[in-house]
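Worksheet: the structure to be examined is printed underneath.
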Amino acid sequence: MNNSPIGIFDSGLGGLSVWAEIRRRLPAESLIYYGDGKHCPYGRKSAEKITEYAIEAVESLLNMGAKLVVVACNTATGAAIRTLRNRYTIPIVGMEPAVKPAALATRTGVIGILATQRSLESELYLHTSACYATGVEIVQSEGEGFVELVESGMSDSDEAINVVSRVVEPMLQKGVDQIVLGCTHYPFLKNTIRKVVGNRKVNIIDPSPAIAARVEQLLGQYDLQCDATHTATYQFISAADEEYVSRIIQFAKQID
Ligand code: DGL
């Protein structure tokens, strides 16, 4: 038994999509969310820089007593997961674009992967797509401008429709029947993506429920679950200023 919090980290607000799933699945667990904010977006930054920010984030979460850390950021996972796991002894959960479930589910044989540029270039992604998508055509694309839409609270705007169409329409034209949300910011654009998809038969894959399940499994494996009677607390921290912390809290309330 361990009543310490679970730490969750992202470049900004996106990881709240994972935070919400973990909270839903493990309602007694305390959570600390670290939204960098100062260096967001990570999507086109170098792996070295992202690793530096990820270390800063994990250090902050450990200083606040985190018993397990979720890197709720595909980009940071691709750039830094190996370094983080070598450096720290607590369990660290990473995320990567869900190529495998999409490859298993496709009927058209064409799957769409939406992720940041850095994720699409990462060794982790290249390895996973080579291993699990044999015989399947991958149409991959950077969600250019997507993170900015979410960070500025414009996920449901007319501009969002334009930005999303520019990226998603070419995928649809290539016949994808699965679209993987390979960045934790993108689930907040799900409604807009659905509008662009229209009545075409396309399954949108959000891996956050699977990540929450993995967290539950690891807590069991390492005997880190909290007491059944424990009352959860939720804390929010950032590398940016207090105003950004308030935005994280506002955003978390909206997805409550
Ligand atoms: N939310 C992050 C991800 O899952 C990173 C987005 C960014 O900062 O570019 O990839």
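In the structure tokens, chains take letters A, B, ... by order of appearance, with residues numbered from 1 within each chain and ligands from 1 in the order shown.
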
List every residue of range 118-189 of chain A that has an atom at most 12 Å from any atom of range 90-100 of chain A, giving for each one its closest atom pair and the distance in Å to one decimal, counting only C-alpha atoms, sorted by chain and then by ascending residue number, as JSON lines.
{"residue": "A:Arg118", "atom": "CA", "partner": "A:Glu96", "partner_atom": "CA", "distance": 11.6}
{"residue": "A:Ser119", "atom": "CA", "partner": "A:Glu96", "partner_atom": "CA", "distance": 7.9}
{"residue": "A:Leu120", "atom": "CA", "partner": "A:Pro97", "partner_atom": "CA", "distance": 8.7}
{"residue": "A:Glu121", "atom": "CA", "partner": "A:Pro97", "partner_atom": "CA", "distance": 11.8}
{"residue": "A:Ser122", "atom": "CA", "partner": "A:Glu96", "partner_atom": "CA", "distance": 9.8}
{"residue": "A:Glu123", "atom": "CA", "partner": "A:Glu96", "partner_atom": "CA", "distance": 10.9}
{"residue": "A:Leu124", "atom": "CA", "partner": "A:Glu96", "partner_atom": "CA", "distance": 7.7}
{"residue": "A:Tyr125", "atom": "CA", "partner": "A:Glu96", "partner_atom": "CA", "distance": 6.9}
{"residue": "A:Leu126", "atom": "CA", "partner": "A:Val99", "partner_atom": "CA", "distance": 10.3}
{"residue": "A:His127", "atom": "CA", "partner": "A:Val99", "partner_atom": "CA", "distance": 10.6}
{"residue": "A:Thr128", "atom": "CA", "partner": "A:Val99", "partner_atom": "CA", "distance": 7.1}
{"residue": "A:Ser129", "atom": "CA", "partner": "A:Val99", "partner_atom": "CA", "distance": 6.3}
{"residue": "A:Ala130", "atom": "CA", "partner": "A:Val99", "partner_atom": "CA", "distance": 9.7}
{"residue": "A:Cys131", "atom": "CA", "partner": "A:Lys100", "partner_atom": "CA", "distance": 8.8}
{"residue": "A:Tyr132", "atom": "CA", "partner": "A:Lys100", "partner_atom": "CA", "distance": 5.4}
{"residue": "A:Ala133", "atom": "CA", "partner": "A:Lys100", "partner_atom": "CA", "distance": 6.8}
{"residue": "A:Thr134", "atom": "CA", "partner": "A:Lys100", "partner_atom": "CA", "distance": 10.1}
{"residue": "A:Val136", "atom": "CA", "partner": "A:Val99", "partner_atom": "CA", "distance": 10.2}
{"residue": "A:Glu137", "atom": "CA", "partner": "A:Val99", "partner_atom": "CA", "distance": 11.0}
{"residue": "A:Ile138", "atom": "CA", "partner": "A:Val99", "partner_atom": "CA", "distance": 8.8}
{"residue": "A:Val139", "atom": "CA", "partner": "A:Val99", "partner_atom": "CA", "distance": 11.0}
{"residue": "A:Gln140", "atom": "CA", "partner": "A:Val99", "partner_atom": "CA", "distance": 10.5}
{"residue": "A:Ser141", "atom": "CA", "partner": "A:Pro97", "partner_atom": "CA", "distance": 11.7}
{"residue": "A:Glu142", "atom": "CA", "partner": "A:Pro97", "partner_atom": "CA", "distance": 11.9}
{"residue": "A:Gln178", "atom": "CA", "partner": "A:Val99", "partner_atom": "CA", "distance": 9.7}
{"residue": "A:Ile179", "atom": "CA", "partner": "A:Ala98", "partner_atom": "CA", "distance": 9.5}
{"residue": "A:Val180", "atom": "CA", "partner": "A:Ala98", "partner_atom": "CA", "distance": 6.2}
{"residue": "A:Leu181", "atom": "CA", "partner": "A:Pro97", "partner_atom": "CA", "distance": 6.9}
{"residue": "A:Gly182", "atom": "CA", "partner": "A:Pro97", "partner_atom": "CA", "distance": 4.1}
{"residue": "A:Cys183", "atom": "CA", "partner": "A:Pro97", "partner_atom": "CA", "distance": 7.2}
{"residue": "A:Thr184", "atom": "CA", "partner": "A:Met95", "partner_atom": "CA", "distance": 8.9}
{"residue": "A:Tyr186", "atom": "CA", "partner": "A:Pro97", "partner_atom": "CA", "distance": 11.5}

| request: Extract the full set of alpha helix (DSSP H) residues from range 53-124 of chain A according to DSSP on the backbone, and format it as a ChimeraX atom specification. | output: /A:53-63,74-87,99-105,117-121,123-124

With N, CA and C atoms retained, write the just-selected residues as a CSV table (one decimal), in the first residue's frame.
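Once everything was written out, this is selection_11.csv:
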chain,number,residue,atom,x,y,z
A,53,TYR,N,14.0,18.8,-20.7
A,53,TYR,CA,12.7,19.2,-20.1
A,53,TYR,C,12.1,18.1,-19.3
A,54,ALA,N,12.2,16.9,-19.9
A,54,ALA,CA,11.6,15.7,-19.3
A,54,ALA,C,12.3,15.4,-17.9
A,55,ILE,N,13.6,15.6,-17.9
A,55,ILE,CA,14.3,15.3,-16.6
A,55,ILE,C,13.8,16.3,-15.6
A,56,GLU,N,13.7,17.6,-16.0
A,56,GLU,CA,13.3,18.6,-15.1
A,56,GLU,C,11.9,18.3,-14.5
A,57,ALA,N,11.0,17.8,-15.4
A,57,ALA,CA,9.6,17.4,-15.0
A,57,ALA,C,9.6,16.3,-14.0
A,58,VAL,N,10.4,15.2,-14.3
A,58,VAL,CA,10.4,14.1,-13.5
A,58,VAL,C,11.0,14.4,-12.1
A,59,GLU,N,12.1,15.3,-12.1
A,59,GLU,CA,12.6,15.7,-10.8
A,59,GLU,C,11.6,16.4,-10.0
A,60,SER,N,10.8,17.3,-10.6
A,60,SER,CA,9.8,18.0,-9.8
A,60,SER,C,8.8,17.1,-9.3
A,61,LEU,N,8.4,16.1,-10.1
A,61,LEU,CA,7.4,15.1,-9.6
A,61,LEU,C,7.9,14.3,-8.5
A,62,LEU,N,9.2,13.9,-8.6
A,62,LEU,CA,9.8,13.1,-7.5
A,62,LEU,C,9.9,13.9,-6.3
A,63,ASN,N,10.3,15.2,-6.4
A,63,ASN,CA,10.4,16.0,-5.2
A,63,ASN,C,9.1,16.1,-4.5
A,74,ASN,N,3.6,11.7,-26.1
A,74,ASN,CA,4.3,10.8,-27.1
A,74,ASN,C,5.7,11.3,-27.5
A,75,THR,N,5.7,12.6,-27.7
A,75,THR,CA,7.0,13.3,-28.1
A,75,THR,C,8.1,13.1,-27.1
A,76,ALA,N,7.8,13.3,-25.8
A,76,ALA,CA,8.8,13.2,-24.8
A,76,ALA,C,9.1,11.7,-24.6
A,77,THR,N,8.2,10.8,-24.8
A,77,THR,CA,8.5,9.4,-24.7
A,77,THR,C,9.5,9.0,-25.7
A,78,GLY,N,9.2,9.4,-27.0
A,78,GLY,CA,10.1,9.0,-28.1
A,78,GLY,C,11.5,9.6,-27.9
A,79,ALA,N,11.6,10.8,-27.3
A,79,ALA,CA,12.9,11.4,-27.1
A,79,ALA,C,13.6,10.9,-25.9
A,80,ALA,N,12.9,10.6,-24.8
A,80,ALA,CA,13.6,10.6,-23.5
A,80,ALA,C,13.3,9.3,-22.7
A,81,ILE,N,12.4,8.4,-23.1
A,81,ILE,CA,12.0,7.4,-22.2
A,81,ILE,C,13.2,6.5,-21.7
A,82,ARG,N,14.1,6.2,-22.6
A,82,ARG,CA,15.2,5.4,-22.3
A,82,ARG,C,16.1,6.0,-21.2
A,83,THR,N,16.4,7.3,-21.4
A,83,THR,CA,17.2,8.1,-20.4
A,83,THR,C,16.5,8.1,-19.1
A,84,LEU,N,15.2,8.3,-19.1
A,84,LEU,CA,14.4,8.4,-17.8
A,84,LEU,C,14.5,7.1,-17.1
A,85,ARG,N,14.2,6.0,-17.8
A,85,ARG,CA,14.2,4.7,-17.2
A,85,ARG,C,15.6,4.3,-16.6
A,86,ASN,N,16.7,4.8,-17.3
A,86,ASN,CA,18.0,4.5,-16.8
A,86,ASN,C,18.3,5.3,-15.6
A,87,ARG,N,17.7,6.4,-15.5
A,87,ARG,CA,18.1,7.4,-14.4
A,87,ARG,C,17.3,7.2,-13.2
A,99,VAL,N,0.0,2.3,-33.2
A,99,VAL,CA,0.1,1.7,-34.5
A,99,VAL,C,-0.5,0.3,-34.5
A,100,LYS,N,-0.2,-0.5,-33.4
A,100,LYS,CA,-0.6,-1.9,-33.4
A,100,LYS,C,-2.1,-2.1,-33.4
A,101,PRO,N,-2.8,-1.4,-32.4
A,101,PRO,CA,-4.3,-1.6,-32.5
A,101,PRO,C,-4.9,-1.2,-33.8
A,102,ALA,N,-4.4,-0.1,-34.4
A,102,ALA,CA,-4.9,0.4,-35.7
A,102,ALA,C,-4.6,-0.7,-36.8
A,103,ALA,N,-3.4,-1.3,-36.8
A,103,ALA,CA,-3.1,-2.3,-37.8
A,103,ALA,C,-4.0,-3.5,-37.7
A,104,LEU,N,-4.3,-3.8,-36.4
A,104,LEU,CA,-5.2,-5.0,-36.2
A,104,LEU,C,-6.6,-4.7,-36.6
A,105,ALA,N,-7.1,-3.5,-36.4
A,105,ALA,CA,-8.5,-3.2,-36.7
A,105,ALA,C,-8.8,-2.8,-38.1
A,117,GLN,N,6.0,16.0,-35.3
A,117,GLN,CA,7.2,15.6,-36.2
A,117,GLN,C,8.2,14.8,-35.5
A,118,ARG,N,8.5,15.2,-34.3
A,118,ARG,CA,9.6,14.5,-33.5
A,118,ARG,C,9.2,13.1,-33.2
A,119,SER,N,7.9,12.9,-32.9
A,119,SER,CA,7.4,11.5,-32.7
A,119,SER,C,7.5,10.6,-33.9
A,120,LEU,N,7.2,11.2,-35.1
A,120,LEU,CA,7.2,10.4,-36.3
A,120,LEU,C,8.6,10.1,-36.7
A,121,GLU,N,9.6,10.9,-36.2
A,121,GLU,CA,11.0,10.6,-36.6
A,121,GLU,C,11.7,9.8,-35.5
A,123,GLU,N,13.0,6.8,-33.0
A,123,GLU,CA,13.4,5.4,-33.2
A,123,GLU,C,12.3,4.5,-32.8
A,124,LEU,N,11.7,4.9,-31.6
A,124,LEU,CA,10.6,4.1,-31.1
A,124,LEU,C,9.5,3.9,-32.1

| query | Residues at most 6 Å from ligand 1, using only C-alpha atoms and all ligand atoms? Could they come as a PyMOL selection string? | reply | chain A and resi 10-11+14+40-43+73-75+116+147+183-185

| Shell of 10 Å around Tyr33 in chain A, only C-alpha atoms, local chain residues under 4 positions omitted, as a PyMOL selection string | chain A and resi 5-10+12-13+15-16+19+57+61+69-70+72+234-238+245+248-249+252

For the residues in the current selection, export N, CA, C and O atoms as an mmCIF file, in the first residue's frame.
data_model
loop_
_atom_site.group_PDB
_atom_site.id
_atom_site.type_symbol
_atom_site.label_atom_id
_atom_site.label_comp_id
_atom_site.auth_asym_id
_atom_site.auth_seq_id
_atom_site.Cartn_x
_atom_site.Cartn_y
_atom_site.Cartn_z
ATOM 1 N N PRO A 5 1.284 10.197 -4.441
ATOM 2 C CA PRO A 5 0.619 10.469 -5.721
ATOM 3 C C PRO A 5 1.282 9.815 -6.935
ATOM 4 O O PRO A 5 2.466 9.473 -6.896
ATOM 5 N N ILE A 6 0.497 9.724 -8.003
ATOM 6 C CA ILE A 6 1.013 9.339 -9.322
ATOM 7 C C ILE A 6 1.365 10.653 -10.019
ATOM 8 O O ILE A 6 0.567 11.594 -10.011
ATOM 9 N N GLY A 7 2.548 10.730 -10.625
ATOM 10 C CA GLY A 7 2.939 11.935 -11.358
ATOM 11 C C GLY A 7 2.624 11.771 -12.838
ATOM 12 O O GLY A 7 2.834 10.685 -13.404
ATOM 13 N N ILE A 8 2.096 12.821 -13.444
ATOM 14 C CA ILE A 8 1.753 12.775 -14.880
ATOM 15 C C ILE A 8 2.372 14.002 -15.527
ATOM 16 O O ILE A 8 2.228 15.109 -15.008
ATOM 17 N N PHE A 9 3.026 13.793 -16.659
ATOM 18 C CA PHE A 9 3.762 14.913 -17.259
ATOM 19 C C PHE A 9 3.498 15.058 -18.758
ATOM 20 O O PHE A 9 3.409 14.080 -19.481
ATOM 21 N N ASP A 10 3.349 16.296 -19.193
ATOM 22 C CA ASP A 10 3.231 16.597 -20.638
ATOM 23 C C ASP A 10 3.861 17.968 -20.908
ATOM 24 O O ASP A 10 4.130 18.735 -19.984
ATOM 25 N N GLY A 12 2.329 20.364 -22.047
ATOM 26 C CA GLY A 12 1.334 21.411 -21.768
ATOM 27 C C GLY A 12 0.040 20.818 -21.262
ATOM 28 O O GLY A 12 0.032 20.026 -20.319
ATOM 29 N N LEU A 13 -1.064 21.165 -21.946
ATOM 30 C CA LEU A 13 -2.393 20.748 -21.484
ATOM 31 C C LEU A 13 -2.781 19.351 -21.976
ATOM 32 O O LEU A 13 -3.684 18.726 -21.417
ATOM 33 N N GLY A 15 -1.654 16.293 -21.855
ATOM 34 C CA GLY A 15 -1.624 15.127 -20.971
ATOM 35 C C GLY A 15 -2.837 15.041 -20.061
ATOM 36 O O GLY A 15 -3.072 14.006 -19.432
ATOM 37 N N LEU A 16 -3.621 16.117 -20.012
ATOM 38 C CA LEU A 16 -4.852 16.052 -19.203
ATOM 39 C C LEU A 16 -5.833 15.032 -19.775
ATOM 40 O O LEU A 16 -6.710 14.552 -19.072
ATOM 41 N N TRP A 19 -4.621 12.189 -17.850
ATOM 42 C CA TRP A 19 -4.964 12.463 -16.444
ATOM 43 C C TRP A 19 -6.435 12.103 -16.183
ATOM 44 O O TRP A 19 -6.760 11.457 -15.189
ATOM 45 N N ALA A 57 11.006 17.788 -15.418
ATOM 46 C CA ALA A 57 9.642 17.440 -15.017
ATOM 47 C C ALA A 57 9.639 16.284 -14.013
ATOM 48 O O ALA A 57 8.990 16.350 -12.968
ATOM 49 N N LEU A 61 8.368 16.101 -10.077
ATOM 50 C CA LEU A 61 7.350 15.143 -9.615
ATOM 51 C C LEU A 61 7.909 14.271 -8.482
ATOM 52 O O LEU A 61 7.211 13.992 -7.500
ATOM 53 N N VAL A 69 5.604 7.538 -12.475
ATOM 54 C CA VAL A 69 5.437 8.686 -13.376
ATOM 55 C C VAL A 69 4.897 8.222 -14.733
ATOM 56 O O VAL A 69 5.360 7.220 -15.282
ATOM 57 N N VAL A 70 3.909 8.950 -15.227
ATOM 58 C CA VAL A 70 3.379 8.696 -16.569
ATOM 59 C C VAL A 70 3.876 9.829 -17.478
ATOM 60 O O VAL A 70 3.584 10.996 -17.213
ATOM 61 N N ALA A 72 2.927 11.459 -20.162
ATOM 62 C CA ALA A 72 1.683 11.548 -20.946
ATOM 63 C C ALA A 72 1.921 12.401 -22.186
ATOM 64 O O ALA A 72 1.169 13.335 -22.497
ATOM 65 N N TYR A 234 -5.688 16.305 -5.956
ATOM 66 C CA TYR A 234 -5.201 16.613 -7.298
ATOM 67 C C TYR A 234 -4.389 17.896 -7.252
ATOM 68 O O TYR A 234 -4.888 18.926 -6.817
ATOM 69 N N GLN A 235 -3.133 17.796 -7.671
ATOM 70 C CA GLN A 235 -2.270 18.980 -7.685
ATOM 71 C C GLN A 235 -1.809 19.244 -9.113
ATOM 72 O O GLN A 235 -1.681 18.308 -9.913
ATOM 73 N N PHE A 236 -1.536 20.522 -9.388
ATOM 74 C CA PHE A 236 -1.125 20.916 -10.743
ATOM 75 C C PHE A 236 0.088 21.817 -10.631
ATOM 76 O O PHE A 236 0.056 22.810 -9.885
ATOM 77 N N ILE A 237 1.145 21.486 -11.361
ATOM 78 C CA ILE A 237 2.359 22.301 -11.337
ATOM 79 C C ILE A 237 2.852 22.519 -12.764
ATOM 80 O O ILE A 237 2.394 21.858 -13.708
ATOM 81 N N SER A 238 3.810 23.446 -12.914
ATOM 82 C CA SER A 238 4.268 23.811 -14.262
ATOM 83 C C SER A 238 5.655 24.413 -14.196
ATOM 84 O O SER A 238 6.065 24.913 -13.145
ATOM 85 N N VAL A 245 -0.558 27.710 -14.601
ATOM 86 C CA VAL A 245 -1.104 26.706 -13.668
ATOM 87 C C VAL A 245 -2.622 26.894 -13.574
ATOM 88 O O VAL A 245 -3.384 25.921 -13.598
ATOM 89 N N ILE A 248 -4.221 25.352 -16.539
ATOM 90 C CA ILE A 248 -4.274 23.880 -16.439
ATOM 91 C C ILE A 248 -5.491 23.498 -15.573
ATOM 92 O O ILE A 248 -6.277 22.617 -15.930
ATOM 93 N N ILE A 249 -5.644 24.210 -14.448
ATOM 94 C CA ILE A 249 -6.739 23.872 -13.521
ATOM 95 C C ILE A 249 -8.091 24.107 -14.201
ATOM 96 O O ILE A 249 -8.992 23.263 -14.127
ATOM 97 N N ALA A 252 -8.684 21.342 -16.669
ATOM 98 C CA ALA A 252 -9.020 20.076 -15.984
ATOM 99 C C ALA A 252 -10.473 20.104 -15.517
ATOM 100 O O ALA A 252 -11.166 19.094 -15.587
#

| request: Report the residues of range 56-102 of chain A whose backbone DSSP state falls under strand (DSSP E), written as a PyMOL selection string. | output: chain A and resi 68-71+92-93
